[in-house]
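One structure below.
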Protein chains: 2
Amino acid sequence: MSCNGGSDSKSNENQSESAHPSLILTQQGVKDIKANLGSIPIFDETLAATKKEIDAEIKAGFDVPTPKDYSGGYTHATHKKNYSLMQKAGVLYQILDDETYAKFVKDMLFSYAEQYPTWPAHPKTRSYARGKLFWQCLNDSNWLVYTSQAYDCIYNYLTLEERETLETELFKPFANYISKDNPQFFNRVHNHSTWGNVAVGMIALAMDDDSLLQAALYGLKDIKLAKDMKDNDGGYINPEDGKIGFFANLDEPFSPDGYYTEGPYYQRYAMYPFLIFAQALENKKPELKILEYKDRVLLKGVNALLNLTDADGDFFLLNDSQKGMSYYNSSLVSAVNIAYHFGGNNPELLSIAQKQGEVTLDDAGLAVALGIQQGKAKPFNKKSIELSDGPNGNQGGVGILRSAPMELVFKYTAHGLSHGHYDKLSYALFEDGNEVVQDYGMSRFVNIEQKGGGNYLKENTTWAKQTISHNTIVQNETSQFQGKYDIGSKHHSNGYIFSVAQDNVQVASAKEENAYPGTKLHRTMVIIKDSDYNNPYILDIMRVQTESSNQYDLPFYYLGHIMQTNFEYDKLKTPQILGTSDGYQHLYKEAIATANGKHIKLNWLLNNTFYTYSAVTSNNDEIILARIGANDPEYNLRQEPTLILRKKNTKDAVFASIIESHGTYTPVSEMALNAYSNIKNIEVVYDTSAYTAIKIETKNNTSRVFIISNENNDKEAQHSLNINNKTYTWKGCYVLTEIN
Amino acid sequence: MSCNGGSDSKSNENQSESAHPSLILTQQGVKDIKANLGSIPIFDETLAATKKEIDAEIKAGFDVPTPKDYSGGYTHATHKKNYSLMQKAGVLYQILDDETYAKFVKDMLFSYAEQYPTWPAHPKTRSYARGKLFWQCLNDSNWLVYTSQAYDCIYNYLTLEERETLETELFKPFANYISKDNPQFFNRVHNHSTWGNVAVGMIALAMDDDSLLQAALYGLKDIKLAKDMKDNDGGYINPEDGKIGFFANLDEPFSPDGYYTEGPYYQRYAMYPFLIFAQALENKKPELKILEYKDRVLLKGVNALLNLTDADGDFFLLNDSQKGMSYYNSSLVSAVNIAYHFGGNNPELLSIAQKQGEVTLDDAGLAVALGIQQGKAKPFNKKSIELSDGPNGNQGGVGILRSAPMELVFKYTAHGLSHGHYDKLSYALFEDGNEVVQDYGMSRFVNIEQKGGGNYLKENTTWAKQTISHNTIVQNETSQFQGKYDIGSKHHSNGYIFSVAQDNVQVASAKEENAYPGTKLHRTMVIIKDSDYNNPYILDIMRVQTESSNQYDLPFYYLGHIMQTNFEYDKLKTPQILGTSDGYQHLYKEAIATANGKHIKLNWLLNNTFYTYSAVTSNNDEIILARIGANDPEYNLRQEPTLILRKKNTKDAVFASIIESHGTYTPVSEMALNAYSNIKNIEVVYDTSAYTAIKIETKNNTSRVFIISNENNDKEAQHSLNINNKTYTWKGCYVLTEIN
Ligand SMILES: [Ca+2]
Ligand SMILES: [Ca+2]
Ligand SMILES: [Ca+2]
Ligand SMILES: [Mg+2]
Ligand SMILES: [Mg+2]
Ligand SMILES: [Mg+2]
Ligand SMILES: [Mg+2]
């Protein structure tokens with residue numbers, strides 16, 4: 001017992017106990033769960049798996065080691081494991097009423113409480129905001145977000161004195177360390193800060209500490225940070241507009257469509273704290289109506305995130321992102337469960353939960369399990385969709401064109417904070433959930449200690465962020481915005497057309513006019529479905545208008561093995577380095593060719609599928625077959641190929657090309673089916689500032705002309721245009737017409 | 001009616017009709033099939049799928065085009081499709097009693113009969129034995145093997161006159177063309193000739209033509225071929241010992257264990273004609289007891305072939321072979337069904353048939369379908385196995401060591417005829433059906449016309465067959481046997497130990513003493529299971545004894561991405577070509593390092609699994625990190641990596657290394673588990689002509705010594721050896737002992 005007045009404290013205690021658990025699990029929720037156990041398969045299975053895991057860990061015993069390692073090392077992995085174990089054990093205590101679990105959490109918490117006050121800042125000094133348990137405050141915040149839930153679950157199991165010890169020795173100093181002691185971490189708009197805000201907010205709710213809650217929601221007031229302070233990714237720390245705290249982190253990075261400006265990989269990471277805190281606030285401070293905030297932006301965020309995945313659930317690679325991250329990540333399990341439970345029981349979310357094969361062990365997970373058990377699940381139907389970027393949705397966006405089995409993601413967003421790439425108007429193409437024309441992703445092997453401690457590698461800056469590593473124009477071998485964050489983050493591209501109502505022609509078009517001052521880039525991507533062929537094909541029109549003569553490189557990052565080209569190339573005896581900076585220093589030139597003004601073809605094989613790239617050229621355009629991997633002293637890069645179409649000394653230009661998935665190979669029967677392109681010719685038949693027209697001839701003796709109005713995207717405008725003695729008349733900003 | 005005596009012919013006709021079908025389907029078989037239809041799921045499904053396919057083709061109509069193309073082209077593909085359609089339609093006619101199918105076969109046959117006599121040899125001249133329908137007699141033989149079955153099925157549907165027309169205009173000239181007119185194709189021991197013999201034999205059985213049958217079984221007598229005549233693969237055509245015909249083709253390439261000397265890829269291809277003809281002979285000439293021949297060698301061949309696959313059924317890559325070929329190939333469906341039906345109803349074959357998901361639509365397929373339906377299937381349990389090579393089983397062999405999830409295939413065979421590689425004592429390693437340390441396979445894209453017409457590429461000779469493209473020693477940058485077929489085909493390696501009774505230590509050891517005159521190579525591969533670790537690891541000891549000083553290169557073709565090495569390497573600014581011939585001209589040197597005499601480690605990631613190669617070095621050994629792809633003007637090669645350990649100016653040497661699969665990475669949770677090797681040290685602690693001993697220290701603080709007796713492989717011999725003041729005493733040719 002503390003020395004404070006006994007009876008008062010006693011009554012507080014009772015009041016307080018009646019309110020636990022109340023963050024993620026509620027008392028009513030626990031009752032409902034217990035009533036349904038044994039008849040809700042997906043919940044029962046998750047519970048059994050969790051129990052099995054925790055029982056084994058309890059048997060093995062835990063360790064709370066003195067912090068020492070970067071991610072990938074033992075102390076890092078152990079502290080990370082510990083918070084996950086505590087969170088799960090807390091839940092098991094509530095659902096199973098078995099004090100073994102509560103005791104496990106309590107013992108671990110006391111081990112932390114004993115040591116935490118003695119630990120200095122983490123000995124690894126790389127971070128702009130070192131934690132105590134981990135090398136960065138970010139991971140310490142992760143710890144507190146999970147541990148708050150564990151504390152909430154065993155709150156009633158602990159004596160008042162025990163709680164006071166934990167709160168005084170561990171939780172409050174911990175919350176202060178990641179906020180007051182590290183305002184450069186806490187007082188920002190950034191995914192790091194979101195974790196920090198939520199960590200403080202969650203423990204505040206668990207402890208009923210209103211002053212910490214205010215700090216979490218609205219930031220720490222009256223803190224001044226140096227104006228030029230940067231984080232480890234080179235992002236500025238000092239928010240220009242003074243927006244801080246959880247609400248600011250909700251306002252700024254999310255567009256009204258729920259797109260998170262850093263991209264889906266970080267959105268996935270950020271959604272967990274956003275939603276777990278929203279869930280806790282919903283339960284404990286319903287008067288805040290947090291899920292209604294900004295027109296339900298958090299719920300829209302879940303929908304946006306699910307739409308930013310390929311056919312098998314992998315996130316599209318926009319900005320820094322590691323391949324293989326998908327909606328099977330546990331934070332998406334939470335997100336889907338919370339969105340279902342608190343967001344109106346959308347039955348399509350249940351089918352995602354079914355694929356995930358697990359639910360959260362709480363009120364939301366129970367709702368999902370009941371929904372599935374009652375047969376309410378419906379397929380989550382991903383359609384073509386445009387997601388705006390920017391707090392107000394007016395900073396460009398992402399256009400996703402879908403026409404099974406192809407999915408195209410076209411990027412014309414704002415920069416994406418410190419995780420942004422210089423990749424305006426780039427795209428990537430997927431077939432059946434496999435990348436065909438890739439975005440490199442990031443240069444990092446997360447948590448693989450062998451590779452730079454699992455952290456960002458220097459090649460992330462020198463290669464993965466650079467323009468040349470993307471499927472977009474590079475002018476004069478220089479990255480967009482000179483590769484400078486300060487410049488890039490001031491601008492965004494603009495959507496021009498997003499029109500997907502017609503199944504056989506879907507169009508996404510966007511403009512970028514700041515990446516290269518004086519140069520206007522306008523790219524239009526079209527998915528065309530020709531009923532004579534199995535798969536739709538992609539038409540890509542990249543239009544460049546400029547004041548001076550430049551060199552333009554348009555790389556095409558196909559994945560797979562070259563089968564054939566329709567042009568003669570000279571393979572160099574040994575590869576040569578393509579350039580000196582802006583990512584060019586990481587490319588080997590393997591072969592070169594000179595275009596003759598006809599269209600070129602690259603036919604390749606990937607995953608036993610035949611693809612062809614057919615691109616319009618001008619006479620003397622250069623074709624460079626290149627490969628990633630130069631200036632890579634530690635084999636950090638993947639040695640993957642690209643074809644670069646280079647126009648030298650050119651003012652205005654149109655790059656037009658078609659990508660087809662036209663055939664298959666079956667190794668077991670050794671049968672090649674439709675191994676060749678169906679495109680007989682592709683040609684730019686008209687190009688003025690007002691209109692651009694591309695003619696496509698296919699082998700079924702059909703010709704089509706696609707015309708886009710370059711300056712008027714009014715859907716109601718009437719157009720009439722004469723091309724080669726034929727008059728085309730149409731309404732709207734584009735037309736696709738079959739001719740002859 | 002022909003003008004020959006009516007009644008005689010009539011009686012022949014009746015006799016003859018009563019004997020059809022009799023090759024693959026029998027009259028009794030057809031009755032049994034009809035009686036069981038609808039209650040034998042796998043048969044019913046195959047039948048339905050076949051009916052659906054053929055119905056669509058009948059509706060679409062067929063084409064019998066004038067021959068023109070190489071494989072991959074239209075006429076090639078169409079004639080190939082035609083024989084398959086006829087075979088299937090014939091079967092449908094028998095089972096479904098629907099004359100539509102018979103008429104389809106008849107019409108197509110008559111279209112062939114009309115044109116065949118007018119066709120000259122195929123216009124493409126690349127083959128040493130041009131066909132008429134196809135560019136090589138081999139494919140013409142394929143056609144006849146299938147078409148014979150179709151003819152047998154519709155025999156009774158045709159009038160005598162129709163049969164005479166077909167036999168006179170088509171079948172007999174066809175059989176003569178691929179035999180008498182092309183003895184360099186027909187009179188050999190080679191997989192081509194097997195097809196030729198069987199084609200002639202099948203049509204002989206269908207027509208009851210005994211003289212053709214004799215030619216098929218025993219070859220064409222009194223044919224003299226030029227002694228130095230070679231086929232397109234460089235193989236000699238003239239059989240030295242005068243062995244010709246089907247029986248010779250059965251005697252020569254199969255070992256008593258059923259291993260086919262060309263390797264499993266060609267064994268798969270050859271098994272179909274062998275077994276389909278055996279089945280027809282079994283039905284029509286049971287007195288030949290063909291399946292009893294050479295101690296049931298054909299049935300053993302099926303078992304050998306199934307054992308020459310990785311965990312998911314892909315064939316190991318020995319000699320010329322294309323990746324992805326597996327026991328799902330249709331010829332294996334036949335093989336498994338025939339082996340089950342005629343070979344004693346081994347229930348393990350039923351589980352393979354279940355995986356294949358189809359059966360042959362004949363007596364054998366019925367037996368399999370009934371077996372499955374009656375629940376008789378048992379798992380096909382692949383164990384460690386040694387398969388001898390050579391007609392008498394004394395020309396070395398293949399040792400397969402299995403310890404789940406790892407499978408190691410170690411090659412110490414004879415050369416393997418014209419499809420052999422210069423790869424004595426090479427090996428490949430698989431985990432869970434995925435290649436980890438690869439054999440390159442062949443340089444060919446079968447039936448992909450874009451790549452050299454789908455035929456062997458020149459890189460198959462200059463790269464894929466060469467020693468440096470394999471995981472075995474290259475002396476002085478020269479392939480084994482100087483890369484000369486004449487020399488290589490005179491020799492074979494010899495097995496020394498194959499001992500797999502103990503689960504925790506399985507040993508395969510073999511010697512090669514002719515590849516480099518004056519140099520003796522002795523390689524020992526051991527799979528060791530340490531109960532402290534999840535997966536077994538592989539110990540590899542390559543011992544070299546020689547009379548002169550040489551350079552030795554031991555390449556290690558790991559697949560995947562380098563994570564880390566424990567040695568410092570210098571990445572070259574741009575790759576350099578490693579050498580000038582014997583395959584070295586196709587390797588780029590990317591990085592170099594010099595060994596310090598300690599063991600080196602290469603840690604890499606493949607399929608989200610962490611592997612480490614730990615190899616003993618001597619001071620100043622060179623380590624070369626290289627990549628395939630130099631001198632590859634048409635991108636025919638896959639640009640995959642290797643590590644080469646090079647010893648210069650060395651006489652005797654021991655290369656000893658360990659390969660571990662020790663950890664996993666999960667991209668969805670970003671968790672790395674056991675990312676590092678468990679090997680603390682590996683050392684050669686003893687090496688004389690009599691014994692070699694390797695000490696292995698693992699991180700669980702265990703040390704083991706593996707000792708092999710190099711000159712005495714007697715299983716009963718007693719050994720005693722003092723190493724570092726410790727005496728080891730054991731019985732047999734090796735021992736693995738835990739020390740301290
Ligand atoms: Ca993907
Ligand atoms: Ca995918
Ligand atoms: Ca496999
Ligand atoms: Mg990128
Ligand atoms: Mg990007
Ligand atoms: Mg080989
Ligand atoms: Mg090979």
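All residue names refer to the structure tokens as shown: chains lettered A, B, ... in order, residues numbered from 1 in each chain, ligands numbered from 1 in order.
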
TODO: Show me which bits of chain B are within 7 Å of chain A, counting only C-alpha atoms, as a VMD selection string.
DONE: chain B and resid 324 to 326 328 to 329 446 to 448 450 to 451 562 to 564 571 573 to 576 631 633 635 667 to 672

Find the residues near B:Ala364: any atom within 6 Å, counting only C-alpha atoms, skip ones fewer than 3 places away on the same chain, and give them as a compact mmCIF listing (two decimals) with C-alpha atoms, in the first residue's frame.
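Generated output (result.txt):
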```txt
# COMPACT_ATOMS: atom_id res chain seq x y z
CA ASN B 337 -0.32 -47.52 -65.11
CA ILE B 338 1.47 -50.24 -67.06
CA HIS B 341 -1.20 -53.47 -64.11
CA ALA B 367 -6.73 -51.47 -63.14
```

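Taking atom CA of A:Ser418 and atom CA of A:Arg296 as endpoints, the distance between them is 25.8 Å.
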
Open item on the list: Could you list, as a list in words, all protein and nucleic acid residues with an atom at most 6 Å from ligand 4, counting only C-alpha atoms and all ligand atoms?
Closed with: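 Using only C-alpha atoms and all ligand atoms, everything at most 6 Å from ligand 4 comes to Leu318, Asn319, His421, Asp439, Tyr440, Gly441, Ala464 and Lys465 of chain A.
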
Residue selection dump (all heavy atoms) as a PDB file, in the first residue's frame:
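Now in selection28.pdb:
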```
ATOM      1  N   LEU A 318       4.901   0.792 -53.710  1.00  0.00           N
ATOM      2  CA  LEU A 318       4.962   2.236 -53.920  1.00  0.00           C
ATOM      3  C   LEU A 318       5.851   2.803 -52.830  1.00  0.00           C
ATOM      4  O   LEU A 318       5.648   2.529 -51.651  1.00  0.00           O
ATOM      5  CB  LEU A 318       3.556   2.842 -53.813  1.00  0.00           C
ATOM      6  CG  LEU A 318       2.500   2.233 -54.753  1.00  0.00           C
ATOM      7  CD1 LEU A 318       1.119   2.774 -54.421  1.00  0.00           C
ATOM      8  CD2 LEU A 318       2.846   2.521 -56.207  1.00  0.00           C
ATOM      9  N   ASN A 319       6.868   3.566 -53.235  1.00  0.00           N
ATOM     10  CA  ASN A 319       7.837   4.114 -52.289  1.00  0.00           C
ATOM     11  C   ASN A 319       8.567   2.974 -51.583  1.00  0.00           C
ATOM     12  O   ASN A 319       8.584   1.840 -52.083  1.00  0.00           O
ATOM     13  CB  ASN A 319       7.145   5.058 -51.301  1.00  0.00           C
ATOM     14  CG  ASN A 319       6.490   6.228 -52.031  1.00  0.00           C
ATOM     15  OD1 ASN A 319       6.988   6.666 -53.052  1.00  0.00           O
ATOM     16  ND2 ASN A 319       5.358   6.698 -51.526  1.00  0.00           N
ATOM     17  N   HIS A 421       9.744   7.844 -53.200  1.00  0.00           N
ATOM     18  CA  HIS A 421      10.695   7.627 -54.300  1.00  0.00           C
ATOM     19  C   HIS A 421      10.484   8.704 -55.367  1.00  0.00           C
ATOM     20  O   HIS A 421       9.395   9.263 -55.479  1.00  0.00           O
ATOM     21  CB  HIS A 421      10.486   6.238 -54.907  1.00  0.00           C
ATOM     22  CG  HIS A 421      10.966   5.122 -54.023  1.00  0.00           C
ATOM     23  ND1 HIS A 421      11.190   3.849 -54.485  1.00  0.00           N
ATOM     24  CD2 HIS A 421      11.262   5.091 -52.697  1.00  0.00           C
ATOM     25  CE1 HIS A 421      11.613   3.075 -53.497  1.00  0.00           C
ATOM     26  NE2 HIS A 421      11.655   3.798 -52.391  1.00  0.00           N
ATOM     27  N   ASP A 439       8.316  -2.688 -59.940  1.00  0.00           N
ATOM     28  CA  ASP A 439       8.945  -1.622 -59.169  1.00  0.00           C
ATOM     29  C   ASP A 439       9.969  -2.332 -58.283  1.00  0.00           C
ATOM     30  O   ASP A 439       9.663  -3.363 -57.675  1.00  0.00           O
ATOM     31  CB  ASP A 439       7.902  -0.902 -58.308  1.00  0.00           C
ATOM     32  CG  ASP A 439       8.497   0.271 -57.567  1.00  0.00           C
ATOM     33  OD1 ASP A 439       9.365   0.054 -56.680  1.00  0.00           O
ATOM     34  OD2 ASP A 439       8.100   1.409 -57.839  1.00  0.00           O
ATOM     35  N   TYR A 440      11.182  -1.803 -58.232  1.00  0.00           N
ATOM     36  CA  TYR A 440      12.240  -2.498 -57.494  1.00  0.00           C
ATOM     37  C   TYR A 440      11.913  -2.687 -56.014  1.00  0.00           C
ATOM     38  O   TYR A 440      12.360  -3.620 -55.373  1.00  0.00           O
ATOM     39  CB  TYR A 440      13.558  -1.723 -57.628  1.00  0.00           C
ATOM     40  CG  TYR A 440      14.727  -2.474 -57.046  1.00  0.00           C
ATOM     41  CD1 TYR A 440      15.437  -3.386 -57.817  1.00  0.00           C
ATOM     42  CD2 TYR A 440      15.095  -2.301 -55.717  1.00  0.00           C
ATOM     43  CE1 TYR A 440      16.493  -4.098 -57.285  1.00  0.00           C
ATOM     44  CE2 TYR A 440      16.151  -3.018 -55.168  1.00  0.00           C
ATOM     45  CZ  TYR A 440      16.841  -3.914 -55.960  1.00  0.00           C
ATOM     46  OH  TYR A 440      17.884  -4.630 -55.414  1.00  0.00           O
ATOM     47  N   GLY A 441      11.079  -1.786 -55.479  1.00  0.00           N
ATOM     48  CA  GLY A 441      10.840  -1.817 -54.039  1.00  0.00           C
ATOM     49  C   GLY A 441      11.960  -1.121 -53.315  1.00  0.00           C
ATOM     50  O   GLY A 441      12.615  -0.233 -53.869  1.00  0.00           O
ATOM     51  N   ALA A 464      17.375   2.637 -55.145  1.00  0.00           N
ATOM     52  CA  ALA A 464      15.937   2.319 -55.136  1.00  0.00           C
ATOM     53  C   ALA A 464      15.044   3.553 -55.181  1.00  0.00           C
ATOM     54  O   ALA A 464      13.945   3.510 -55.718  1.00  0.00           O
ATOM     55  CB  ALA A 464      15.591   1.458 -53.919  1.00  0.00           C
ATOM     56  N   LYS A 465      15.520   4.659 -54.634  1.00  0.00           N
ATOM     57  CA  LYS A 465      14.705   5.881 -54.663  1.00  0.00           C
ATOM     58  C   LYS A 465      14.850   6.659 -55.963  1.00  0.00           C
ATOM     59  O   LYS A 465      14.027   7.524 -56.274  1.00  0.00           O
ATOM     60  CB  LYS A 465      15.108   6.804 -53.505  1.00  0.00           C
ATOM     61  CG  LYS A 465      14.610   6.356 -52.151  1.00  0.00           C
ATOM     62  CD  LYS A 465      14.859   7.427 -51.090  1.00  0.00           C
ATOM     63  CE  LYS A 465      14.067   7.084 -49.835  1.00  0.00           C
ATOM     64  NZ  LYS A 465      14.182   8.154 -48.819  1.00  0.00           N
TER      65      LYS A 465
END
```

Task: Interatomic distance, atom CA of B:Leu213 to atom CA of B:Asn197 (Å, one decimal) - done: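 That distance, rounded to one decimal, is 8.9 Å.
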
Open item on the list: Measuring between only C-alpha atoms and all ligand atoms, which one of B:Leu166, B:Ala717, B:Ile468, B:Ile538 shows the shortest distance to ligand 6?
Closed with: B:Ile468
